[in-house]
Structures are given as C-alpha cells and as structure tokens.
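Asker: Here's a structure for you.
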Amino acid sequence: AGAFDNLPGTRAQKTHDLDEILKKAHSIQEAKLTGQMSLFGMVQAQENPNQTTEEHIYSVVPDWTARQSLDLEKTSIGVYLSDHPLNEYRTLSAALRTSFIGDPAFEGKSTHVTVIALILSNKVILTKKLEKMAFSEIEDASGKAELIIFPKTFAVCENYLNEGTNIFIIRGELDATNPELRKLKAETIIPASSFMELSTSISKITITLPEPVTEEKCRAVNEELRPGNAEIILQYPDNGNLFGVKLAQRLTIPYESLNKLSSLGITFQIETTD
C-alpha cells in the first residue's frame, strides 16, 4: 500500500523479492545473535560502521500500473491512499456534468441522473421468464448505492460486465427515498474509457479554448477530432466575449484526447439525447 515507498525499489519489486529479503534479514539476525560474522562483514563494518549489510539488488520486474497500485491499496488497507480510480475520468465527468450518488439534494426524491461509478460487486440472477438481470453495488467519491440492471439493459451491457471493467458511465433513475440505501435503476451502462466511442446518444460536443487562443491549441484540437455523429461547436474568447463556430462536419473526439487537450486548459461540454 506504499508504506515503504521511500525505500529503494518499486512496489512490484519489493513484493516480488519479499521472500528473499525476509530470508536475508533472518540470516543477518541469526548471525548477530550467535556472533558469527564473516571476515568480509567485519571489514565492511569497520570501513562503514553505519552500513551493516550489503544493499539488496532487486529483480528486474515490470512495475505495476497506477490502477494496479490503487486496487492493491484498497485490498490491503480498505481505502485508496495515493489517488482514486475515478480521478482519471474527471474531464469526462465534468463534460457530461455527472451527478454524485450521495448528493444531499436528491434526498427523499427519485431523480434521473448520470453518474460515473465503480461497480464493486455484481450478482446475476434469472427472472421467472429465465432472463438475466443483476443487482450490483456501486460507489463514487460521495457514497454507495445498489444498482439494479433489468433484463433489457443487462442484455446490452453483459459483455462489458464480464470483461473485468468496473468503471462505468451509468444513466438511470436514482431512488433516494430510503435514507439507508439509495438505488439506481440502470437504463444504460457504458465503460467510461469507451464512452466516446460506444455511446450512440452524443449529439453535441462544445469545445472551449482558453485565453490566449493560440495556433498551437487550435492545431491540437484539429489533430484529435475524428469522424463521428456529433455536432461540434468550437468556442473561443475575444475581448471578454465568447464566440462560437459550428464545424461543417459531424465528428467526435476520443476519450484519451479529452485528457490530453484538458492539459492545455481546453474544456468540454457533451450533450446527449437521453
């Protein structure tokens, strides 16, 4: 979970070499207890009294991805420590103006929402008509809820759920009338990382350039646009006013490009038909 991040080696290397490191530590401790020190060790200790053992040389192993590190933090201590998996999708979340599951404004109401959430568990059952549906537990930064996936929706998203993906853009009706447990009845479920490619409901994407508007920023936007079905509005500030230009072609922009362009201060607004 990162408790030894200030020591040499990556988390992956330390975990991979843990048994070997423990054996070395045990041998050193035994030698100290019995007074058995090698001649080399005695010479080394005289030359550098602050260093009693040789430095461990770690195995060459691939480092964990950021997501693997986060998942292992959650597994070992019950919380995400260094980051949160949903933070990767902040640009997409802001563009879609997603809601929070635990928003107090929803208390006592049933509201149609779009959320971005982790699916923590998934229980699939058969209805009386022998159709699959599921009850899942979902979580975002504000809390947890029960996700109900009825057969019609489950038939569309079953493959996504089986792929091991667990961060989704979910649209549906959030029932917050029970203060103990909120329930979200899903209408659409799409993996967050594939939303821009898989969603058929994106009707308009507004791209807003920050001041100062430069040729570099305009070129960067143009390079990331791809053929698609959305109306594209390019907005830019000038002398305190905001102007917009509608592009002639219907296009889209990949999810990865949203994060890339947001680093230049470019913002997005995505409108959908559902």
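Naming works like this for the structure tokens: A, B, ... for the chains as they're shown, residue 1 at the start of each chain, ligands 1 onward in shown order.
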Just the residues within 12 Å of Val113 in chain A, please, counting only C-alpha atoms, with nothing from its chain fewer than 4 positions along; format it as number ranges by chain.

Answerer: A: 96-103, 106, 109, 169-176, 183-188, 274

Asker: I'd like the neighbourhood of Gln249 in chain A as a count of residues only, where a residue qualifies if any of its atoms comes within 12 Å (using only C-alpha atoms), though same-chain residues fewer than 3 positions away should be ignored.

Answerer: 13

Asker: What are the DSSP helix (DSSP H, G or I) residues of range 2-227 of chain A, as an MDAnalysis selection string?

Answerer: chainID A and resid 11:16 18:34 39:47 66:77 85:96 104:106 151:162 192:198 215:224

Asker: Save out the residues we just selected, C-alpha atoms, as a PDB file, in the first residue's frame.

Answerer:
```pdb
ATOM      1  CA  ARG A  11       6.268  -1.713  -5.055  1.00  0.00           C
ATOM      2  CA  ALA A  12       6.308  -4.513  -7.636  1.00  0.00           C
ATOM      3  CA  GLN A  13       9.987  -5.297  -6.967  1.00  0.00           C
ATOM      4  CA  LYS A  14       9.561  -5.296  -3.198  1.00  0.00           C
ATOM      5  CA  THR A  15       6.587  -7.620  -3.397  1.00  0.00           C
ATOM      6  CA  HIS A  16       8.333  -9.931  -5.874  1.00  0.00           C
ATOM      7  CA  LEU A  18       9.820 -10.191  -0.344  1.00  0.00           C
ATOM      8  CA  ASP A  19      10.601 -13.835   0.489  1.00  0.00           C
ATOM      9  CA  GLU A  20      14.261 -13.408  -0.450  1.00  0.00           C
ATOM     10  CA  ILE A  21      14.554 -10.177   1.580  1.00  0.00           C
ATOM     11  CA  LEU A  22      12.986 -11.829   4.627  1.00  0.00           C
ATOM     12  CA  LYS A  23      15.397 -14.775   4.367  1.00  0.00           C
ATOM     13  CA  LYS A  24      18.369 -12.391   4.214  1.00  0.00           C
ATOM     14  CA  ALA A  25      17.070 -10.434   7.193  1.00  0.00           C
ATOM     15  CA  HIS A  26      16.582 -13.662   9.152  1.00  0.00           C
ATOM     16  CA  SER A  27      20.132 -14.822   8.346  1.00  0.00           C
ATOM     17  CA  ILE A  28      21.604 -11.489   9.427  1.00  0.00           C
ATOM     18  CA  GLN A  29      19.654 -11.567  12.670  1.00  0.00           C
ATOM     19  CA  GLU A  30      20.778 -15.114  13.401  1.00  0.00           C
ATOM     20  CA  ALA A  31      24.392 -14.166  12.737  1.00  0.00           C
ATOM     21  CA  LYS A  32      24.154 -11.246  15.164  1.00  0.00           C
ATOM     22  CA  LEU A  33      22.651 -13.453  17.863  1.00  0.00           C
ATOM     23  CA  THR A  34      25.287 -16.175  17.541  1.00  0.00           C
ATOM     24  CA  LEU A  39      35.540 -11.707   7.707  1.00  0.00           C
ATOM     25  CA  PHE A  40      34.179  -9.641   4.826  1.00  0.00           C
ATOM     26  CA  GLY A  41      31.335  -8.407   7.004  1.00  0.00           C
ATOM     27  CA  MET A  42      33.760  -7.368   9.769  1.00  0.00           C
ATOM     28  CA  VAL A  43      35.951  -5.447   7.330  1.00  0.00           C
ATOM     29  CA  GLN A  44      32.897  -3.803   5.788  1.00  0.00           C
ATOM     30  CA  ALA A  45      31.613  -2.788   9.218  1.00  0.00           C
ATOM     31  CA  GLN A  46      34.990  -1.174  10.091  1.00  0.00           C
ATOM     32  CA  GLU A  47      35.051   0.779   6.825  1.00  0.00           C
ATOM     33  CA  ALA A  66      -1.316   3.081 -11.453  1.00  0.00           C
ATOM     34  CA  ARG A  67      -4.616   1.192 -11.354  1.00  0.00           C
ATOM     35  CA  GLN A  68      -2.965  -1.994 -10.040  1.00  0.00           C
ATOM     36  CA  SER A  69      -1.325   0.010  -7.249  1.00  0.00           C
ATOM     37  CA  LEU A  70      -4.648   1.584  -6.290  1.00  0.00           C
ATOM     38  CA  ASP A  71      -6.502  -1.739  -6.313  1.00  0.00           C
ATOM     39  CA  LEU A  72      -3.851  -3.292  -4.054  1.00  0.00           C
ATOM     40  CA  GLU A  73      -4.074  -0.317  -1.672  1.00  0.00           C
ATOM     41  CA  LYS A  74      -7.822  -0.893  -1.434  1.00  0.00           C
ATOM     42  CA  THR A  75      -7.332  -4.634  -0.883  1.00  0.00           C
ATOM     43  CA  SER A  76      -4.681  -4.266   1.817  1.00  0.00           C
ATOM     44  CA  ILE A  77      -5.981  -1.344   3.892  1.00  0.00           C
ATOM     45  CA  PRO A  85      -9.540   5.465  -9.750  1.00  0.00           C
ATOM     46  CA  LEU A  86     -12.333   7.872 -10.686  1.00  0.00           C
ATOM     47  CA  ASN A  87      -9.945  10.839 -10.784  1.00  0.00           C
ATOM     48  CA  GLU A  88      -8.707   9.644 -14.165  1.00  0.00           C
ATOM     49  CA  TYR A  89     -12.143  10.462 -15.567  1.00  0.00           C
ATOM     50  CA  ARG A  90     -12.549  13.986 -14.160  1.00  0.00           C
ATOM     51  CA  THR A  91     -12.507  15.629 -17.604  1.00  0.00           C
ATOM     52  CA  LEU A  92     -15.179  13.274 -18.969  1.00  0.00           C
ATOM     53  CA  SER A  93     -17.233  13.621 -15.791  1.00  0.00           C
ATOM     54  CA  ALA A  94     -17.150  17.427 -15.986  1.00  0.00           C
ATOM     55  CA  ALA A  95     -18.061  17.373 -19.693  1.00  0.00           C
ATOM     56  CA  LEU A  96     -21.102  15.177 -19.004  1.00  0.00           C
ATOM     57  CA  PRO A 104     -27.925  15.537  -0.384  1.00  0.00           C
ATOM     58  CA  ALA A 105     -30.088  17.403  -2.920  1.00  0.00           C
ATOM     59  CA  PHE A 106     -31.561  14.053  -4.013  1.00  0.00           C
ATOM     60  CA  PRO A 151     -33.046  -7.771 -18.352  1.00  0.00           C
ATOM     61  CA  LYS A 152     -33.286  -5.364 -21.309  1.00  0.00           C
ATOM     62  CA  THR A 153     -30.322  -3.300 -20.097  1.00  0.00           C
ATOM     63  CA  PHE A 154     -28.390  -6.353 -18.905  1.00  0.00           C
ATOM     64  CA  ALA A 155     -28.562  -7.921 -22.386  1.00  0.00           C
ATOM     65  CA  VAL A 156     -26.762  -4.873 -23.796  1.00  0.00           C
ATOM     66  CA  CYS A 157     -24.095  -4.495 -21.110  1.00  0.00           C
ATOM     67  CA  GLU A 158     -23.419  -8.127 -20.128  1.00  0.00           C
ATOM     68  CA  ASN A 159     -20.220  -8.330 -22.186  1.00  0.00           C
ATOM     69  CA  TYR A 160     -18.854  -5.169 -20.560  1.00  0.00           C
ATOM     70  CA  LEU A 161     -19.503  -6.580 -17.101  1.00  0.00           C
ATOM     71  CA  ASN A 162     -17.755  -9.841 -17.989  1.00  0.00           C
ATOM     72  CA  ALA A 192     -16.126   5.068 -19.010  1.00  0.00           C
ATOM     73  CA  SER A 193     -12.953   4.593 -21.055  1.00  0.00           C
ATOM     74  CA  SER A 194     -15.021   3.654 -24.140  1.00  0.00           C
ATOM     75  CA  PHE A 195     -17.923   6.070 -23.682  1.00  0.00           C
ATOM     76  CA  MET A 196     -16.946   8.439 -26.510  1.00  0.00           C
ATOM     77  CA  GLU A 197     -16.654   5.533 -28.941  1.00  0.00           C
ATOM     78  CA  LEU A 198     -19.597   3.388 -27.815  1.00  0.00           C
ATOM     79  CA  GLU A 215      -2.331  28.401 -33.199  1.00  0.00           C
ATOM     80  CA  GLU A 216      -0.861  25.551 -31.155  1.00  0.00           C
ATOM     81  CA  LYS A 217      -4.140  24.992 -29.265  1.00  0.00           C
ATOM     82  CA  CYS A 218      -6.244  25.172 -32.446  1.00  0.00           C
ATOM     83  CA  ARG A 219      -3.942  22.695 -34.168  1.00  0.00           C
ATOM     84  CA  ALA A 220      -4.058  20.364 -31.164  1.00  0.00           C
ATOM     85  CA  VAL A 221      -7.884  20.265 -31.259  1.00  0.00           C
ATOM     86  CA  ASN A 222      -7.940  19.682 -35.022  1.00  0.00           C
ATOM     87  CA  GLU A 223      -5.497  16.763 -34.729  1.00  0.00           C
ATOM     88  CA  GLU A 224      -7.687  14.959 -32.159  1.00  0.00           C
TER      89      GLU A 224
END
```

Asker: Return as a VMD selection string the full set of residues in range 81-223 of chain A whose backbone-based DSSP assignment is strand (DSSP E).

Answerer: chain A and resid 110 to 126 132 to 140 143 to 149 167 to 175 183 to 191 202 to 208

Asker: What separation in Å, quoted to one decimal, exists between CA of Arg182 in chain A and CA of Leu120 in chain A?

Answerer: 15.1 Å

Asker: Do a neighbour search on Ala117 in chain A at 7 Å with only C-alpha atoms, toss out local chain neighbours closer than 2 positions, and write the hits as a ChimeraX atom specification.

Answerer: /A:115,119,138-140,167-169

Asker: In Å, with one decimal, what is the gap from CA of Lys144 in chain A to CA of Lys132 in chain A?

Answerer: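 Atom-to-atom, CA of Lys144 in chain A and CA of Lys132 in chain A are spaced 23.2 Å apart.
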
Asker: Of the candidates A:Val60, A:Leu147, A:Ala3, A:Leu264, which shows the shortest atom-to-atom distance to Asp17 in chain A, using only C-alpha atoms?

Answerer: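 Going through A:Val60, A:Leu147, A:Ala3, A:Leu264 one by one, the smallest distance to Asp17 in chain A is for A:Val60.
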
Asker: Find, counting only C-alpha atoms, the residue in A:Lys128, A:Ile57, A:Asn178, A:Gln235 that gets nearest to Ser110 in chain A.

Answerer: A:Asn178
